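To be precise, the following lines are entry.txt, and they hold compact mmCIF, N, CA and C atoms.
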# COMPACT_ATOMS: atom_id res chain seq x y z
N MET A 1 65.25 -32.46 -9.73
CA MET A 1 66.56 -31.97 -9.38
C MET A 1 67.53 -32.37 -10.47
N SER A 2 68.32 -31.45 -10.93
CA SER A 2 69.24 -31.75 -12.03
C SER A 2 70.53 -32.36 -11.49
N THR A 3 71.22 -33.03 -12.37
CA THR A 3 72.49 -33.66 -12.01
C THR A 3 73.50 -32.58 -11.64
N GLY A 4 74.29 -32.83 -10.61
CA GLY A 4 75.31 -31.90 -10.18
C GLY A 4 74.89 -31.02 -9.01
N GLU A 5 73.57 -30.96 -8.71
CA GLU A 5 73.13 -30.17 -7.56
C GLU A 5 73.34 -30.97 -6.28
N ASP A 6 73.53 -30.26 -5.21
CA ASP A 6 73.71 -30.90 -3.90
C ASP A 6 72.38 -31.50 -3.45
N PRO A 7 72.33 -32.82 -3.23
CA PRO A 7 71.05 -33.45 -2.85
C PRO A 7 70.52 -32.96 -1.50
N ARG A 8 71.38 -32.39 -0.66
CA ARG A 8 70.92 -31.87 0.63
C ARG A 8 70.01 -30.65 0.47
N ASN A 9 70.05 -30.03 -0.71
CA ASN A 9 69.18 -28.87 -0.96
C ASN A 9 67.82 -29.29 -1.48
N ASP A 10 67.62 -30.55 -1.73
CA ASP A 10 66.34 -31.07 -2.22
C ASP A 10 65.30 -30.92 -1.11
N PRO A 11 64.14 -30.29 -1.37
CA PRO A 11 63.12 -30.09 -0.32
C PRO A 11 62.56 -31.40 0.23
N ARG A 12 62.71 -32.49 -0.49
CA ARG A 12 62.22 -33.78 0.01
C ARG A 12 63.02 -34.25 1.22
N TRP A 13 64.19 -33.65 1.47
CA TRP A 13 65.01 -34.02 2.61
C TRP A 13 64.52 -33.37 3.91
N ASP A 14 63.53 -32.50 3.83
CA ASP A 14 63.03 -31.83 5.03
C ASP A 14 62.53 -32.84 6.06
N LEU A 15 61.85 -33.89 5.61
CA LEU A 15 61.36 -34.90 6.55
C LEU A 15 62.52 -35.65 7.21
N VAL A 16 63.56 -35.90 6.46
CA VAL A 16 64.75 -36.57 7.03
C VAL A 16 65.40 -35.68 8.08
N ARG A 17 65.53 -34.41 7.77
CA ARG A 17 66.12 -33.47 8.74
C ARG A 17 65.27 -33.38 10.01
N ALA A 18 63.96 -33.37 9.83
CA ALA A 18 63.06 -33.30 10.99
C ALA A 18 63.21 -34.55 11.85
N ALA A 19 63.32 -35.71 11.23
CA ALA A 19 63.50 -36.96 11.98
C ALA A 19 64.84 -36.94 12.72
N ALA A 20 65.87 -36.39 12.11
CA ALA A 20 67.19 -36.33 12.74
C ALA A 20 67.18 -35.42 13.97
N ARG A 21 66.34 -34.41 13.99
CA ARG A 21 66.27 -33.49 15.13
C ARG A 21 65.41 -34.02 16.27
N ALA A 22 64.56 -34.98 15.99
CA ALA A 22 63.65 -35.49 17.01
C ALA A 22 64.43 -36.26 18.08
N PRO A 23 64.10 -36.05 19.37
CA PRO A 23 64.78 -36.81 20.43
C PRO A 23 64.39 -38.28 20.33
N VAL A 24 65.35 -39.13 20.60
CA VAL A 24 65.13 -40.58 20.55
C VAL A 24 65.18 -41.12 21.97
N PRO A 25 64.09 -41.71 22.45
CA PRO A 25 64.10 -42.25 23.82
C PRO A 25 64.99 -43.50 23.90
N THR A 26 65.49 -43.76 25.09
CA THR A 26 66.28 -44.96 25.32
C THR A 26 65.39 -46.18 25.09
N PRO A 27 65.88 -47.15 24.29
CA PRO A 27 65.07 -48.35 24.03
C PRO A 27 64.73 -49.08 25.34
N PRO A 28 63.51 -49.63 25.42
CA PRO A 28 63.11 -50.35 26.62
C PRO A 28 64.09 -51.49 26.93
N GLY A 29 64.49 -51.58 28.18
CA GLY A 29 65.36 -52.66 28.61
C GLY A 29 66.85 -52.43 28.43
N LEU A 30 67.24 -51.39 27.70
CA LEU A 30 68.66 -51.17 27.44
C LEU A 30 69.44 -50.92 28.73
N ILE A 31 68.93 -50.05 29.57
CA ILE A 31 69.63 -49.74 30.82
C ILE A 31 69.72 -50.98 31.70
N ALA A 32 68.65 -51.75 31.78
CA ALA A 32 68.68 -52.98 32.58
C ALA A 32 69.71 -53.96 32.05
N ARG A 33 69.83 -54.06 30.71
CA ARG A 33 70.83 -54.98 30.13
C ARG A 33 72.25 -54.52 30.44
N VAL A 34 72.49 -53.23 30.36
CA VAL A 34 73.83 -52.71 30.65
C VAL A 34 74.16 -52.94 32.13
N LEU A 35 73.24 -52.61 33.02
CA LEU A 35 73.49 -52.81 34.44
C LEU A 35 73.67 -54.29 34.78
N SER A 36 72.91 -55.15 34.11
CA SER A 36 73.06 -56.58 34.32
C SER A 36 74.45 -57.05 33.91
N SER A 37 74.94 -56.53 32.81
CA SER A 37 76.28 -56.90 32.34
C SER A 37 77.34 -56.43 33.34
N VAL A 38 77.23 -55.19 33.80
CA VAL A 38 78.21 -54.66 34.75
C VAL A 38 78.14 -55.43 36.06
N ARG A 39 76.93 -55.68 36.55
CA ARG A 39 76.76 -56.41 37.80
C ARG A 39 77.32 -57.83 37.67
N GLY A 40 77.15 -58.42 36.49
CA GLY A 40 77.66 -59.77 36.27
C GLY A 40 79.17 -59.83 36.36
N VAL A 41 79.84 -58.85 35.81
CA VAL A 41 81.31 -58.85 35.85
C VAL A 41 81.81 -58.51 37.25
N ARG A 42 81.12 -57.60 37.94
CA ARG A 42 81.56 -57.23 39.29
C ARG A 42 81.21 -58.29 40.31
N GLY A 43 80.10 -59.00 40.08
CA GLY A 43 79.65 -59.99 41.05
C GLY A 43 78.95 -59.33 42.23
N ARG A 44 78.21 -60.11 42.96
CA ARG A 44 77.54 -59.60 44.16
C ARG A 44 78.50 -59.74 45.34
N LEU A 45 78.56 -58.73 46.16
CA LEU A 45 79.54 -58.72 47.25
C LEU A 45 79.33 -59.86 48.25
N LEU A 46 78.11 -60.18 48.54
CA LEU A 46 77.84 -61.18 49.57
C LEU A 46 77.52 -62.56 49.01
N ALA A 47 77.74 -62.76 47.72
CA ALA A 47 77.45 -64.06 47.11
C ALA A 47 78.42 -65.11 47.64
N GLU A 48 77.88 -66.25 47.97
CA GLU A 48 78.70 -67.36 48.44
C GLU A 48 79.41 -68.00 47.26
N PRO A 49 80.70 -68.27 47.38
CA PRO A 49 81.41 -68.94 46.28
C PRO A 49 81.00 -70.40 46.19
N LEU A 50 81.17 -70.96 45.01
CA LEU A 50 80.97 -72.39 44.84
C LEU A 50 82.18 -73.09 45.44
N GLU A 51 81.95 -74.23 46.06
CA GLU A 51 83.05 -74.99 46.63
C GLU A 51 83.14 -76.32 45.89
N LEU A 52 84.27 -76.50 45.24
CA LEU A 52 84.50 -77.69 44.43
C LEU A 52 85.54 -78.54 45.15
N ARG A 53 85.10 -79.70 45.64
CA ARG A 53 86.01 -80.59 46.37
C ARG A 53 86.93 -81.30 45.38
N GLN A 54 88.21 -81.26 45.69
CA GLN A 54 89.22 -81.89 44.86
C GLN A 54 90.19 -82.66 45.73
N HIS A 55 91.04 -83.44 45.11
CA HIS A 55 92.10 -84.10 45.87
C HIS A 55 92.98 -83.01 46.47
N GLY A 56 93.20 -83.07 47.74
CA GLY A 56 94.07 -82.09 48.38
C GLY A 56 93.35 -80.88 48.94
N GLY A 57 92.03 -80.81 48.83
CA GLY A 57 91.32 -79.68 49.42
C GLY A 57 90.11 -79.24 48.64
N THR A 58 89.65 -78.07 48.97
CA THR A 58 88.46 -77.49 48.36
C THR A 58 88.85 -76.25 47.57
N LEU A 59 88.35 -76.18 46.34
CA LEU A 59 88.56 -75.01 45.51
C LEU A 59 87.32 -74.14 45.63
N ARG A 60 87.52 -72.88 46.01
CA ARG A 60 86.40 -71.93 46.12
C ARG A 60 86.41 -71.04 44.89
N ILE A 61 85.27 -71.00 44.20
CA ILE A 61 85.16 -70.24 42.94
C ILE A 61 84.13 -69.14 43.13
N SER A 62 84.56 -67.90 42.96
CA SER A 62 83.65 -66.77 43.17
C SER A 62 82.67 -66.64 42.01
N GLU A 63 81.59 -65.93 42.29
CA GLU A 63 80.59 -65.65 41.26
C GLU A 63 81.21 -64.91 40.08
N LYS A 64 82.11 -63.97 40.36
CA LYS A 64 82.76 -63.20 39.30
C LYS A 64 83.53 -64.12 38.36
N VAL A 65 84.23 -65.09 38.90
CA VAL A 65 85.00 -66.02 38.07
C VAL A 65 84.06 -66.87 37.21
N ILE A 66 82.97 -67.30 37.77
CA ILE A 66 82.01 -68.12 37.01
C ILE A 66 81.43 -67.30 35.86
N VAL A 67 81.08 -66.05 36.13
CA VAL A 67 80.54 -65.17 35.09
C VAL A 67 81.57 -64.94 33.99
N LEU A 68 82.81 -64.64 34.37
CA LEU A 68 83.86 -64.42 33.37
C LEU A 68 84.15 -65.69 32.57
N LEU A 69 84.14 -66.84 33.24
CA LEU A 69 84.34 -68.11 32.54
C LEU A 69 83.20 -68.35 31.54
N ALA A 70 81.97 -68.13 31.98
CA ALA A 70 80.82 -68.32 31.09
C ALA A 70 80.87 -67.35 29.91
N ARG A 71 81.29 -66.13 30.17
CA ARG A 71 81.38 -65.14 29.08
C ARG A 71 82.43 -65.56 28.05
N LYS A 72 83.60 -66.01 28.52
CA LYS A 72 84.66 -66.44 27.61
C LYS A 72 84.25 -67.69 26.84
N LEU A 73 83.71 -68.68 27.54
CA LEU A 73 83.27 -69.90 26.86
C LEU A 73 82.15 -69.60 25.88
N GLY A 74 81.22 -68.72 26.28
CA GLY A 74 80.11 -68.34 25.40
C GLY A 74 80.61 -67.64 24.15
N ALA A 75 81.62 -66.78 24.30
CA ALA A 75 82.19 -66.09 23.14
C ALA A 75 82.84 -67.10 22.19
N ASP A 76 83.56 -68.05 22.75
CA ASP A 76 84.20 -69.08 21.92
C ASP A 76 83.16 -69.92 21.18
N ILE A 77 82.13 -70.33 21.88
CA ILE A 77 81.07 -71.14 21.26
C ILE A 77 80.34 -70.31 20.21
N GLY A 78 80.07 -69.05 20.52
CA GLY A 78 79.41 -68.16 19.56
C GLY A 78 80.21 -68.02 18.28
N ALA A 79 81.54 -67.93 18.40
CA ALA A 79 82.39 -67.83 17.21
C ALA A 79 82.33 -69.12 16.39
N GLU A 80 82.27 -70.26 17.06
CA GLU A 80 82.17 -71.55 16.37
C GLU A 80 80.82 -71.68 15.65
N VAL A 81 79.75 -71.29 16.34
CA VAL A 81 78.41 -71.40 15.76
C VAL A 81 78.27 -70.41 14.60
N GLY A 82 78.77 -69.20 14.80
CA GLY A 82 78.73 -68.15 13.78
C GLY A 82 77.43 -67.36 13.84
N GLY A 83 77.57 -66.04 13.71
CA GLY A 83 76.41 -65.17 13.65
C GLY A 83 75.79 -64.82 14.98
N ILE A 84 76.42 -65.23 16.08
CA ILE A 84 75.89 -64.87 17.40
C ILE A 84 77.02 -64.27 18.25
N HIS A 85 76.62 -63.40 19.17
CA HIS A 85 77.58 -62.74 20.05
C HIS A 85 76.98 -62.64 21.45
N VAL A 86 77.74 -63.05 22.45
CA VAL A 86 77.31 -62.91 23.84
C VAL A 86 77.56 -61.47 24.25
N SER A 87 76.48 -60.75 24.54
CA SER A 87 76.63 -59.34 24.90
C SER A 87 76.68 -59.12 26.40
N ALA A 88 76.14 -60.04 27.20
CA ALA A 88 76.19 -59.89 28.65
C ALA A 88 75.95 -61.23 29.32
N VAL A 89 76.57 -61.40 30.48
CA VAL A 89 76.35 -62.58 31.31
C VAL A 89 76.25 -62.09 32.75
N ALA A 90 75.26 -62.58 33.46
CA ALA A 90 75.11 -62.23 34.87
C ALA A 90 74.62 -63.45 35.63
N MET A 91 75.02 -63.53 36.88
CA MET A 91 74.54 -64.60 37.75
C MET A 91 73.31 -64.08 38.47
N GLU A 92 72.21 -64.74 38.30
CA GLU A 92 70.98 -64.42 39.00
C GLU A 92 70.65 -65.60 39.90
N ASP A 93 69.59 -65.48 40.67
CA ASP A 93 69.23 -66.55 41.61
C ASP A 93 68.99 -67.88 40.92
N GLY A 94 68.43 -67.85 39.72
CA GLY A 94 68.12 -69.09 39.03
C GLY A 94 69.26 -69.65 38.19
N GLY A 95 70.40 -68.98 38.14
CA GLY A 95 71.53 -69.46 37.35
C GLY A 95 72.13 -68.34 36.52
N LEU A 96 72.81 -68.71 35.46
CA LEU A 96 73.44 -67.73 34.59
C LEU A 96 72.43 -67.22 33.57
N GLU A 97 72.38 -65.91 33.44
CA GLU A 97 71.54 -65.27 32.43
C GLU A 97 72.47 -64.74 31.34
N VAL A 98 72.29 -65.23 30.13
CA VAL A 98 73.16 -64.87 29.01
C VAL A 98 72.33 -64.11 27.99
N LEU A 99 72.78 -62.88 27.66
CA LEU A 99 72.11 -62.08 26.64
C LEU A 99 72.89 -62.23 25.34
N LEU A 100 72.16 -62.44 24.27
CA LEU A 100 72.74 -62.80 22.99
C LEU A 100 72.28 -61.84 21.91
N THR A 101 73.18 -61.44 21.03
CA THR A 101 72.78 -60.74 19.81
C THR A 101 73.01 -61.68 18.66
N VAL A 102 72.11 -61.62 17.70
CA VAL A 102 72.13 -62.56 16.57
C VAL A 102 72.18 -61.76 15.28
N ARG A 103 73.02 -62.20 14.36
CA ARG A 103 73.10 -61.55 13.06
C ARG A 103 71.83 -61.86 12.28
N TYR A 104 71.31 -60.84 11.60
CA TYR A 104 70.11 -61.00 10.78
C TYR A 104 70.32 -62.14 9.78
N GLY A 105 69.36 -63.03 9.70
CA GLY A 105 69.43 -64.16 8.78
C GLY A 105 69.83 -65.46 9.45
N VAL A 106 70.40 -65.38 10.64
CA VAL A 106 70.76 -66.58 11.40
C VAL A 106 69.51 -67.07 12.11
N PRO A 107 69.22 -68.37 12.06
CA PRO A 107 68.05 -68.89 12.80
C PRO A 107 68.25 -68.66 14.31
N ALA A 108 67.63 -67.62 14.83
CA ALA A 108 67.90 -67.14 16.19
C ALA A 108 67.59 -68.17 17.27
N ALA A 109 66.41 -68.78 17.22
CA ALA A 109 66.03 -69.72 18.27
C ALA A 109 66.97 -70.92 18.28
N GLU A 110 67.32 -71.40 17.12
CA GLU A 110 68.23 -72.55 17.02
C GLU A 110 69.63 -72.18 17.54
N ALA A 111 70.12 -71.01 17.17
CA ALA A 111 71.44 -70.56 17.62
C ALA A 111 71.46 -70.39 19.14
N ALA A 112 70.41 -69.79 19.70
CA ALA A 112 70.33 -69.59 21.15
C ALA A 112 70.29 -70.92 21.87
N ASP A 113 69.53 -71.88 21.35
CA ASP A 113 69.45 -73.20 21.98
C ASP A 113 70.79 -73.92 21.91
N THR A 114 71.48 -73.80 20.78
CA THR A 114 72.80 -74.43 20.64
C THR A 114 73.77 -73.84 21.65
N LEU A 115 73.76 -72.51 21.80
CA LEU A 115 74.65 -71.87 22.77
C LEU A 115 74.30 -72.31 24.19
N ARG A 116 73.03 -72.33 24.52
CA ARG A 116 72.59 -72.74 25.87
C ARG A 116 73.06 -74.15 26.19
N ARG A 117 72.84 -75.06 25.26
CA ARG A 117 73.19 -76.47 25.47
C ARG A 117 74.70 -76.64 25.59
N ARG A 118 75.44 -76.08 24.63
CA ARG A 118 76.89 -76.28 24.63
C ARG A 118 77.58 -75.56 25.79
N LEU A 119 77.11 -74.37 26.14
CA LEU A 119 77.69 -73.67 27.28
C LEU A 119 77.41 -74.43 28.57
N GLY A 120 76.20 -74.93 28.72
CA GLY A 120 75.87 -75.73 29.90
C GLY A 120 76.75 -76.97 30.02
N GLU A 121 76.94 -77.67 28.91
CA GLU A 121 77.78 -78.88 28.91
C GLU A 121 79.23 -78.54 29.25
N THR A 122 79.74 -77.45 28.70
CA THR A 122 81.13 -77.05 28.94
C THR A 122 81.33 -76.63 30.39
N LEU A 123 80.36 -75.93 30.96
CA LEU A 123 80.47 -75.54 32.37
C LEU A 123 80.45 -76.78 33.27
N VAL A 124 79.66 -77.77 32.93
CA VAL A 124 79.65 -79.02 33.71
C VAL A 124 81.01 -79.70 33.62
N GLU A 125 81.65 -79.66 32.46
CA GLU A 125 83.00 -80.24 32.33
C GLU A 125 83.98 -79.56 33.28
N HIS A 126 83.84 -78.24 33.44
CA HIS A 126 84.76 -77.48 34.29
C HIS A 126 84.38 -77.49 35.77
N LEU A 127 83.09 -77.42 36.06
CA LEU A 127 82.64 -77.24 37.44
C LEU A 127 81.91 -78.45 38.03
N GLY A 128 81.66 -79.45 37.21
CA GLY A 128 80.95 -80.62 37.71
C GLY A 128 79.50 -80.31 38.02
N ARG A 129 78.99 -81.00 39.02
CA ARG A 129 77.57 -80.87 39.37
C ARG A 129 77.22 -79.49 39.92
N LEU A 130 78.23 -78.69 40.26
CA LEU A 130 77.98 -77.35 40.79
C LEU A 130 77.72 -76.31 39.70
N ALA A 131 77.85 -76.71 38.45
CA ALA A 131 77.64 -75.76 37.35
C ALA A 131 76.21 -75.21 37.40
N PRO A 132 76.07 -73.90 37.33
CA PRO A 132 74.73 -73.31 37.37
C PRO A 132 73.99 -73.56 36.06
N PRO A 133 72.66 -73.58 36.10
CA PRO A 133 71.90 -73.69 34.86
C PRO A 133 72.12 -72.44 34.00
N VAL A 134 71.98 -72.60 32.69
CA VAL A 134 72.22 -71.50 31.75
C VAL A 134 70.91 -71.14 31.07
N ASN A 135 70.56 -69.87 31.13
CA ASN A 135 69.39 -69.34 30.43
C ASN A 135 69.89 -68.34 29.38
N VAL A 136 69.48 -68.53 28.14
CA VAL A 136 69.93 -67.65 27.06
C VAL A 136 68.73 -66.86 26.55
N HIS A 137 68.93 -65.55 26.40
CA HIS A 137 67.89 -64.65 25.92
C HIS A 137 68.41 -63.88 24.71
N ILE A 138 67.63 -63.82 23.67
CA ILE A 138 67.99 -63.04 22.49
C ILE A 138 67.64 -61.59 22.79
N ALA A 139 68.67 -60.75 22.88
CA ALA A 139 68.47 -59.35 23.23
C ALA A 139 68.39 -58.43 22.02
N ASP A 140 68.99 -58.87 20.90
CA ASP A 140 69.04 -57.97 19.74
C ASP A 140 69.36 -58.76 18.50
N VAL A 141 68.99 -58.18 17.37
CA VAL A 141 69.34 -58.71 16.04
C VAL A 141 70.10 -57.59 15.34
N HIS A 142 71.21 -57.93 14.71
CA HIS A 142 72.03 -56.91 14.06
C HIS A 142 72.36 -57.32 12.62
N ARG A 143 72.72 -56.34 11.83
CA ARG A 143 73.16 -56.59 10.46
C ARG A 143 74.65 -56.80 10.47
N ASN A 144 75.11 -57.72 9.67
CA ASN A 144 76.55 -58.00 9.51
C ASN A 144 77.18 -58.17 10.82
Output the file's structure as structure tokens, nothing else.
Amino acid sequence: MSTGEDPRNDPRWDLVRAAARAPVPTPPGLIARVLSSVRGVRGRLLAEPLELRQHGGTLRISEKVIVLLARKLGADIGAEVGGIHVSAVAMEDGGLEVLLTVRYGVPAAEAADTLRRRLGETLVEHLGRLAPPVNVHIADVHRN
């Protein structure tokens, strides 16, 4: 192909065009991750709130508030650690489930463990012994 010609007219692009026309199936687990994120923010309707005894009475904390607190704290910790992003948080029977995306090149297992440990410690500072356990899962790796 000579200089100045439109590269889109190059016959070698036929394979690229064919790939662009092919239907792309939804990646496995994507819908479950999205629904988990939405369910986490909405909370379960019949979930019992945590009751934190304080001077002057009992503070009742809903599941939705715990999820939002964990999401905010996780985002702050992720920014401090660098290269990680909390993409979803949901309360499940075993505790908080945190989905994490990691920038390519960041040691993923180490970053996930740091987030799990620090988020758990911070929730204990806020909620005491009632803080739910934190489980962190690497859901994706991204560039930049």
Could you list, as a PDB file with N, CA and C atoms, in the frame of the given file, every residue within 5 Å of Thr101 in chain A, counting all atoms listed in the file and ignoring same-chain residues fewer than 3 positions away?
ATOM      1  N   ILE A  84      76.420 -65.230  16.080  1.00  0.00           N
ATOM      2  CA  ILE A  84      75.890 -64.870  17.400  1.00  0.00           C
ATOM      3  C   ILE A  84      77.020 -64.270  18.250  1.00  0.00           C
ATOM      4  N   HIS A  85      76.620 -63.400  19.170  1.00  0.00           N
ATOM      5  CA  HIS A  85      77.580 -62.740  20.050  1.00  0.00           C
ATOM      6  C   HIS A  85      76.980 -62.640  21.450  1.00  0.00           C
ATOM      7  N   SER A  87      76.480 -60.750  24.540  1.00  0.00           N
ATOM      8  CA  SER A  87      76.630 -59.340  24.900  1.00  0.00           C
ATOM      9  C   SER A  87      76.680 -59.120  26.400  1.00  0.00           C
ATOM     10  N   ALA A 139      68.670 -60.750  22.880  1.00  0.00           N
ATOM     11  CA  ALA A 139      68.470 -59.350  23.230  1.00  0.00           C
ATOM     12  C   ALA A 139      68.390 -58.430  22.020  1.00  0.00           C
ATOM     13  N   ASP A 140      68.990 -58.870  20.900  1.00  0.00           N
ATOM     14  CA  ASP A 140      69.040 -57.970  19.740  1.00  0.00           C
ATOM     15  C   ASP A 140      69.360 -58.760  18.500  1.00  0.00           C
TER      16      ASP A 140
END
Check your understanding: With only N, CA and C atoms as the atoms that count, which of A:Ala20, A:Ile77, A:Val106, A:Leu130 lies nearest to Arg118 in chain A?
Key -> A:Ile77
**Study point:** Distance in Å - CA of Leu115 in chain A versus CA of Gln54 in chain A
**Key:**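 According to the coordinates, CA of Leu115 in chain A and CA of Gln54 in chain A are separated by 28.3 Å.
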Review point. So how many Å separate CA of Gly74 in chain A and CA of His137 in chain A, to one decimal?
Key: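 We find that CA of Gly74 in chain A and CA of His137 in chain A lie 12.8 Å from each other.
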Check your understanding: What lies within 8 Å of Ala112 in chain A using only C-alpha atoms, ignoring chain neighbours under 6 positions off, as a PyMOL selection string?
Key -> chain A and resi 100+136-138
Output N, CA and C atoms for every residue in the selection just made, as an mmCIF file, in the frame of the given file.
data_model
loop_
_atom_site.group_PDB
_atom_site.id
_atom_site.type_symbol
_atom_site.label_atom_id
_atom_site.label_comp_id
_atom_site.auth_asym_id
_atom_site.auth_seq_id
_atom_site.Cartn_x
_atom_site.Cartn_y
_atom_site.Cartn_z
ATOM 1 N N LEU A 100 72.160 -62.440 24.270
ATOM 2 C CA LEU A 100 72.740 -62.800 22.990
ATOM 3 C C LEU A 100 72.280 -61.840 21.910
ATOM 4 N N VAL A 136 69.480 -68.530 28.140
ATOM 5 C CA VAL A 136 69.930 -67.650 27.060
ATOM 6 C C VAL A 136 68.730 -66.860 26.550
ATOM 7 N N HIS A 137 68.930 -65.550 26.400
ATOM 8 C CA HIS A 137 67.890 -64.650 25.920
ATOM 9 C C HIS A 137 68.410 -63.880 24.710
ATOM 10 N N ILE A 138 67.630 -63.820 23.670
ATOM 11 C CA ILE A 138 67.990 -63.040 22.490
ATOM 12 C C ILE A 138 67.640 -61.590 22.790
#
Check your understanding: Out of A:Glu5, A:Leu73, A:Val67, A:Glu51, which residue has the shortest atom-to-atom distance to Gly128 in chain A when counting only C-alpha atoms?
Key ->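 Under the stated criterion, the closest residue is A:Glu51.
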Practice item. Work out how far atom N of Ile61 in chain A is from CA of Val81 in chain A, in Å to one decimal. Key: 29.3 Å
**Study point:** Nearest-residue call for Tyr104 in chain A, choices A:Pro7, A:Gly83, A:Pro25, A:Pro133, using all atoms listed in the file
**Key:** A:Gly83
Spatial neighbours of His126 in chain A, 12 Å, only C-alpha atoms, chain gap at least 4 places, as a compact mmCIF listing (two decimals) with N, CA and C atoms, in the frame of the given file:
# COMPACT_ATOMS: atom_id res chain seq x y z
N LEU A 52 84.27 -76.50 45.24
CA LEU A 52 84.50 -77.69 44.43
C LEU A 52 85.54 -78.54 45.15
N ILE A 61 85.27 -71.00 44.20
CA ILE A 61 85.16 -70.24 42.94
C ILE A 61 84.13 -69.14 43.13
N ILE A 66 82.97 -67.30 37.77
CA ILE A 66 82.01 -68.12 37.01
C ILE A 66 81.43 -67.30 35.86
N LEU A 69 84.14 -66.84 33.24
CA LEU A 69 84.34 -68.11 32.54
C LEU A 69 83.20 -68.35 31.54
N ALA A 70 81.97 -68.13 31.98
CA ALA A 70 80.82 -68.32 31.09
C ALA A 70 80.87 -67.35 29.91
N LEU A 73 83.71 -68.68 27.54
CA LEU A 73 83.27 -69.90 26.86
C LEU A 73 82.15 -69.60 25.88
N LEU A 119 77.11 -74.37 26.14
CA LEU A 119 77.69 -73.67 27.28
C LEU A 119 77.41 -74.43 28.57
N GLY A 120 76.20 -74.93 28.72
CA GLY A 120 75.87 -75.73 29.90
C GLY A 120 76.75 -76.97 30.02
N GLU A 121 76.94 -77.67 28.91
CA GLU A 121 77.78 -78.88 28.91
C GLU A 121 79.23 -78.54 29.25
N THR A 122 79.74 -77.45 28.70
CA THR A 122 81.13 -77.05 28.94
C THR A 122 81.33 -76.63 30.39
N LEU A 130 78.23 -78.69 40.26
CA LEU A 130 77.98 -77.35 40.79
C LEU A 130 77.72 -76.31 39.70
N ALA A 131 77.85 -76.71 38.45
CA ALA A 131 77.64 -75.76 37.35
C ALA A 131 76.21 -75.21 37.40
N PRO A 132 76.07 -73.90 37.33
CA PRO A 132 74.73 -73.31 37.37
C PRO A 132 73.99 -73.56 36.06
